[in-house]
Each structure stands twice: as structure tokens, then as C-alpha cells.
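J.: Sending over protein31.cif (mmCIF, C-alpha atoms).
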```cif
data_data
#
loop_
_atom_site.label_atom_id
_atom_site.label_comp_id
_atom_site.auth_asym_id
_atom_site.auth_seq_id
_atom_site.Cartn_x
_atom_site.Cartn_y
_atom_site.Cartn_z
CA MET Y 10 -13.13 8.49 11.08
CA ARG Y 11 -12.83 7.57 7.41
CA GLU Y 12 -16.05 6.74 5.62
CA PHE Y 13 -16.21 3.28 4.03
CA ARG Y 14 -17.30 3.16 0.41
CA THR Y 15 -18.31 0.15 -1.61
CA VAL Y 16 -16.18 -0.58 -4.63
CA ALA Y 17 -18.95 0.72 -6.91
CA GLU Y 18 -19.22 3.98 -4.94
CA ALA Y 19 -15.45 4.44 -4.93
CA LEU Y 20 -15.15 3.81 -8.67
CA GLN Y 21 -18.05 6.14 -9.45
CA LYS Y 22 -16.40 8.94 -7.48
CA CYS Y 23 -13.08 8.25 -9.23
CA GLU Y 24 -14.74 8.46 -12.63
CA ILE Y 25 -16.65 11.64 -11.77
CA ASN Y 26 -13.41 13.26 -10.54
CA GLY Y 27 -11.47 12.22 -13.64
CA GLN Y 28 -9.08 10.00 -11.69
CA ILE Y 29 -9.32 7.07 -14.11
CA VAL Y 30 -7.06 8.16 -16.94
CA PRO Y 31 -7.13 6.76 -20.48
CA VAL Y 32 -3.85 5.45 -21.85
CA ILE Y 33 -3.37 5.82 -25.61
CA GLU Y 34 -1.77 2.45 -26.30
CA VAL Y 35 -0.78 -0.76 -24.57
CA ASP Y 36 2.91 -0.15 -23.85
CA VAL Y 37 4.31 -3.67 -23.59
CA GLU Y 38 7.76 -2.46 -22.53
CA LYS Y 39 6.31 -0.43 -19.65
CA ILE Y 40 4.26 -3.45 -18.56
CA LYS Y 41 7.38 -5.64 -18.61
CA ALA Y 42 9.24 -3.01 -16.59
CA LEU Y 43 6.44 -2.91 -14.00
CA ILE Y 44 6.74 -6.70 -13.61
CA GLN Y 45 10.50 -6.39 -13.07
CA PHE Y 46 10.03 -3.58 -10.55
CA SER Y 47 7.42 -5.68 -8.73
CA ASP Y 48 9.86 -8.59 -8.60
CA GLY Y 49 12.49 -6.21 -7.20
CA ASP Y 50 10.14 -4.95 -4.50
CA GLN Y 51 9.44 -8.54 -3.44
CA GLU Y 52 13.13 -9.40 -3.43
CA ALA Y 53 13.86 -6.36 -1.26
CA GLY Y 54 11.07 -7.34 1.14
CA ASN Y 55 12.40 -10.90 1.37
CA LYS Y 56 15.95 -9.72 2.04
CA LEU Y 57 14.75 -7.37 4.76
CA MET Y 58 12.82 -10.16 6.50
CA LYS Y 59 15.83 -12.44 6.89
CA GLY Y 60 16.81 -12.45 10.54
CA LEU Y 61 14.58 -9.48 11.31
CA ASP Y 62 13.77 -9.03 14.99
CA ASP Y 63 10.03 -9.15 15.77
CA LYS Y 64 10.13 -5.57 17.13
CA SER Y 65 12.18 -4.06 14.29
CA ILE Y 66 10.99 -0.86 12.63
CA LEU Y 67 11.97 -2.46 9.31
CA TRP Y 68 8.65 -4.36 9.24
CA ASN Y 69 7.30 -1.05 7.89
CA ASN Y 70 9.60 -1.47 4.92
CA VAL Y 71 8.65 -5.10 4.36
CA TYR Y 72 4.96 -4.14 4.33
CA VAL Y 73 5.50 -1.26 1.93
CA CYS Y 74 7.76 -3.30 -0.39
CA TYR Y 75 5.08 -5.93 -0.84
CA TYR Y 76 2.32 -3.35 -1.14
CA ASP Y 77 4.32 -1.61 -3.88
CA ALA Y 78 4.89 -4.94 -5.66
CA LEU Y 79 1.14 -5.58 -5.71
CA HIS Y 80 0.32 -2.02 -6.78
CA LYS Y 81 2.71 -2.23 -9.74
CA LEU Y 82 1.07 -5.45 -10.95
CA VAL Y 83 -2.40 -3.92 -10.73
CA ASP Y 84 -1.11 -0.97 -12.74
CA ALA Y 85 0.43 -3.33 -15.31
CA TYR Y 86 -2.78 -5.34 -15.64
CA LEU Y 87 -4.96 -2.28 -16.16
CA ARG Y 88 -2.71 -0.99 -18.91
CA PHE Y 89 -4.19 -3.73 -21.09
CA ASP Y 90 -7.55 -1.98 -20.57
CA LYS Y 91 -5.79 1.23 -21.68
CA VAL Y 92 -6.39 2.89 -18.32
CA SER Y 93 -4.32 4.12 -15.43
CA SER Y 94 -5.21 6.06 -12.32
CA LEU Y 95 -4.12 9.14 -10.45
CA ASN Y 96 -4.24 7.28 -7.12
CA HIS Y 97 -4.17 3.83 -5.59
CA LEU Y 98 -7.77 3.81 -4.39
CA CYS Y 99 -9.08 4.33 -7.92
CA LEU Y 100 -6.69 1.77 -9.41
CA PHE Y 101 -7.83 -0.87 -6.93
CA ALA Y 102 -11.51 0.05 -7.31
CA TYR Y 103 -11.25 -0.23 -11.09
CA ILE Y 104 -9.68 -3.70 -11.05
CA CYS Y 105 -12.10 -5.06 -8.44
CA GLU Y 106 -15.16 -3.69 -10.23
CA ASN Y 107 -14.13 -4.47 -13.81
CA HIS Y 108 -12.24 -7.73 -13.38
CA SER Y 109 -14.34 -9.83 -11.02
CA ASP Y 110 -12.93 -12.92 -12.76
CA LEU Y 111 -9.69 -12.34 -10.81
CA GLU Y 112 -11.63 -12.71 -7.54
CA LEU Y 113 -9.87 -9.83 -5.78
CA ASP Y 114 -11.38 -8.51 -2.56
CA TRP Y 115 -12.05 -4.77 -2.31
CA SER Y 116 -11.96 -4.87 1.50
CA PHE Y 117 -8.48 -6.37 1.42
CA PHE Y 118 -7.23 -3.64 -0.90
CA GLU Y 119 -8.72 -0.99 1.35
CA LYS Y 120 -7.11 -2.61 4.41
CA ILE Y 121 -3.61 -2.66 2.91
CA ARG Y 122 -3.97 0.73 1.23
CA THR Y 123 -5.03 2.53 4.39
CA LYS Y 124 -2.29 0.80 6.41
CA ARG Y 125 0.33 1.74 3.82
CA ASN Y 126 -0.95 5.34 3.77
CA GLY Y 127 -0.70 5.40 7.56
CA VAL Y 128 2.94 4.36 7.34
CA GLU Y 129 3.79 6.70 4.46
CA TYR Y 130 1.90 9.82 5.50
CA TYR Y 131 0.78 9.68 9.13
CA GLY Y 132 3.61 8.18 11.15
CA GLN Y 133 1.81 4.93 11.88
CA LYS Y 134 3.81 1.75 12.21
CA ALA Y 135 3.39 -1.57 10.48
CA GLY Y 136 4.79 -4.26 12.73
CA LYS Y 137 5.44 -7.93 12.18
CA ASP Y 138 1.85 -8.76 13.20
CA ASP Y 139 0.52 -6.35 10.57
CA TRP Y 140 2.66 -8.06 7.94
CA THR Y 141 1.81 -11.62 8.95
CA SER Y 142 -1.93 -10.79 8.95
CA VAL Y 143 -1.80 -9.91 5.22
CA GLN Y 144 1.20 -11.89 4.00
CA LEU Y 145 -0.62 -14.91 2.59
CA GLN Y 146 -3.29 -12.93 0.74
CA MET Y 147 -0.75 -10.36 -0.48
CA LYS Y 148 1.46 -13.07 -1.97
CA LEU Y 149 -1.56 -14.84 -3.47
CA TYR Y 150 -2.72 -11.63 -5.18
CA ILE Y 151 0.80 -10.90 -6.43
CA ASN Y 152 0.98 -14.41 -7.90
CA THR Y 153 -2.48 -14.17 -9.44
CA LEU Y 154 -1.81 -10.81 -11.03
CA LYS Y 155 1.65 -11.67 -12.28
CA LYS Y 156 0.31 -14.78 -14.04
CA ALA Y 157 -2.60 -12.79 -15.49
CA VAL Y 158 -0.28 -10.06 -16.80
CA GLU Y 159 2.13 -12.59 -18.28
CA LYS Y 160 -0.78 -14.38 -19.97
CA LYS Y 161 -1.94 -11.09 -21.51
CA LEU Y 162 1.60 -10.34 -22.65
CA LYS Y 163 1.68 -13.60 -24.62
CA ILE Y 164 -1.36 -12.53 -26.64
CA ALA Y 165 -0.50 -8.83 -26.92
#
```
Would you mind giving the structure from this file in C-alpha cells?
T.:
Amino acid sequence: MREFRTVAEALQKCEINGQIVPVIEVDVEKIKALIQFSDGDQEAGNKLMKGLDDKSILWNNVYVCYYDALHKLVDAYLRFDKVSSLNHLCLFAYICENHSDLELDWSFFEKIRTKRNGVEYYGQKAGKDDWTSVQLQMKLYINTLKKAVEKKLKIA
């Protein structure tokens, strides 16, 4: 069974292992591209959902599309701090620990990250129930982060 770490413990381990990587400059064009890619992931997820049977295997794809959309926005936001990460856990730990003003929940990120990893690497399925259990919070976080990134772009 996987050991649960607090956000502070996770970030400390990431820093010790060199998994939080400095970025030389704020690349506005890359940030804009990440926003567009995030929008595309959401659009793909929405198209997949239309008329999708409750038992369809494509719920995996819906889940992963939205996860990827959120991940890209976290990456975009952290580029303003001139950091990136070698993995998703460290990226999420960094934003939760260093940007508490965004009110993002570490436990939620761990829930969606481990589910996505199960789908991607371990042959686990994400069904409609898995998607509906995170849908509202996932969309809220995507909205919150997109607005925050766009706000930073205006002053960059």
C-alpha cells in the first residue's frame, strides 16, 4: 500500500531529490501554448462525453483529458515562479505548498494523480462514477488556474 505524505513532506522529498527544476526565464509563449493545450484537452473530454454509455471504456479518456488539462495549467502557473518539475506529484506539491492563496487541496490532487497513474500505468479503469466524483472540483480548479494564469500574463 502506498504511503501517504503531507504536502510539506512530499515537497521536501522533491526538493531533496532535485525534482523541482529552475526555469531560466518566464516564457510567455510557452505559457500561452499550455493554456491552449489545456483548452484542447477539455474540448476533447467534452466531445467524448457526448452520448457516452455509462459503461463505456472511454470514461478513462475523459478522466485523463481533464487531468491533463489541469496539469498543464499548474505547469503554466508555476512557470511564473520560474520552476517546473520532473513529475506530477512534485508539481502539485509545489503549487499547494507555495500558493495557498489559490486554495487548492493536496488530497484532491493526490486522489486524481493516483487514479490517473492507475489508468496510465497499471491497467486500472476510470469509470463514469470516478469521473462524476471529481468533475465539479476538477472543473473548478481548471477555472481557477486558468484565470490566475491569464491574470499573470496581463502583468508579465
J.: Fewer than 3 positions away in the same chain doesn't count, so skip those; otherwise give me all residues within 12 Å of segment 155-157 of chain Y, counting only C-alpha atoms, as a compact mmCIF listing (two decimals) with C-alpha atoms, in the coordinates of the input.
T.:
```txt
# COMPACT_ATOMS: atom_id res chain seq x y z
CA ILE Y 40 4.26 -3.45 -18.56
CA LYS Y 41 7.38 -5.64 -18.61
CA LEU Y 43 6.44 -2.91 -14.00
CA ILE Y 44 6.74 -6.70 -13.61
CA GLN Y 45 10.50 -6.39 -13.07
CA PHE Y 46 10.03 -3.58 -10.55
CA SER Y 47 7.42 -5.68 -8.73
CA ASP Y 48 9.86 -8.59 -8.60
CA ALA Y 78 4.89 -4.94 -5.66
CA LEU Y 79 1.14 -5.58 -5.71
CA HIS Y 80 0.32 -2.02 -6.78
CA LYS Y 81 2.71 -2.23 -9.74
CA LEU Y 82 1.07 -5.45 -10.95
CA VAL Y 83 -2.40 -3.92 -10.73
CA ASP Y 84 -1.11 -0.97 -12.74
CA ALA Y 85 0.43 -3.33 -15.31
CA TYR Y 86 -2.78 -5.34 -15.64
CA LEU Y 87 -4.96 -2.28 -16.16
CA PHE Y 89 -4.19 -3.73 -21.09
CA HIS Y 108 -12.24 -7.73 -13.38
CA ASP Y 110 -12.93 -12.92 -12.76
CA LEU Y 111 -9.69 -12.34 -10.81
CA LYS Y 148 1.46 -13.07 -1.97
CA LEU Y 149 -1.56 -14.84 -3.47
CA TYR Y 150 -2.72 -11.63 -5.18
CA ILE Y 151 0.80 -10.90 -6.43
CA ASN Y 152 0.98 -14.41 -7.90
CA LYS Y 160 -0.78 -14.38 -19.97
CA LYS Y 161 -1.94 -11.09 -21.51
CA LEU Y 162 1.60 -10.34 -22.65
CA LYS Y 163 1.68 -13.60 -24.62
CA ILE Y 164 -1.36 -12.53 -26.64
```
J.: Which of these, Y:Val73, Y:Leu145, Y:Cys105, Y:Ala165, has the shortest distance to Ile121 of chain Y once you count all atoms listed in the file?
T.: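 Result for the nearest residue to Ile121 of chain Y: Y:Val73.
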J.: Find the spatial neighbours of Gln21 of chain Y, counting all atoms listed in the file, within a cut-off of 12 Å - ignore same-chain residues fewer than 6 positions away - and output them as a count of residues only.
T.: 10
J.: Which is closer to Asp90 of chain Y than all the others in Y:Val32, Y:Cys74, Y:Met58, Y:Ala17, using only C-alpha atoms?
T.: Y:Val32
J.: Might you spell out which residues the PyMOL selection byres ((chain Y and resi 61-71) around 10) would select in the displayed file, as number ranges by chain?
T.: Y: 50-60, 72-77, 124-125, 128-129, 133-141
J.: Suppose you want the space between atom CA of Leu113 of chain Y and atom CA of Ser93 of chain Y; what is it in Å?
T.: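 Distance reported for this atom pair: 17.8 Å.
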J.: List the residues selected by the PyMOL selection byres ((chain Y and resi 31) around 6) in the file shown, writing them as a PyMOL selection string.
T.: chain Y and resi 30+32+91-92
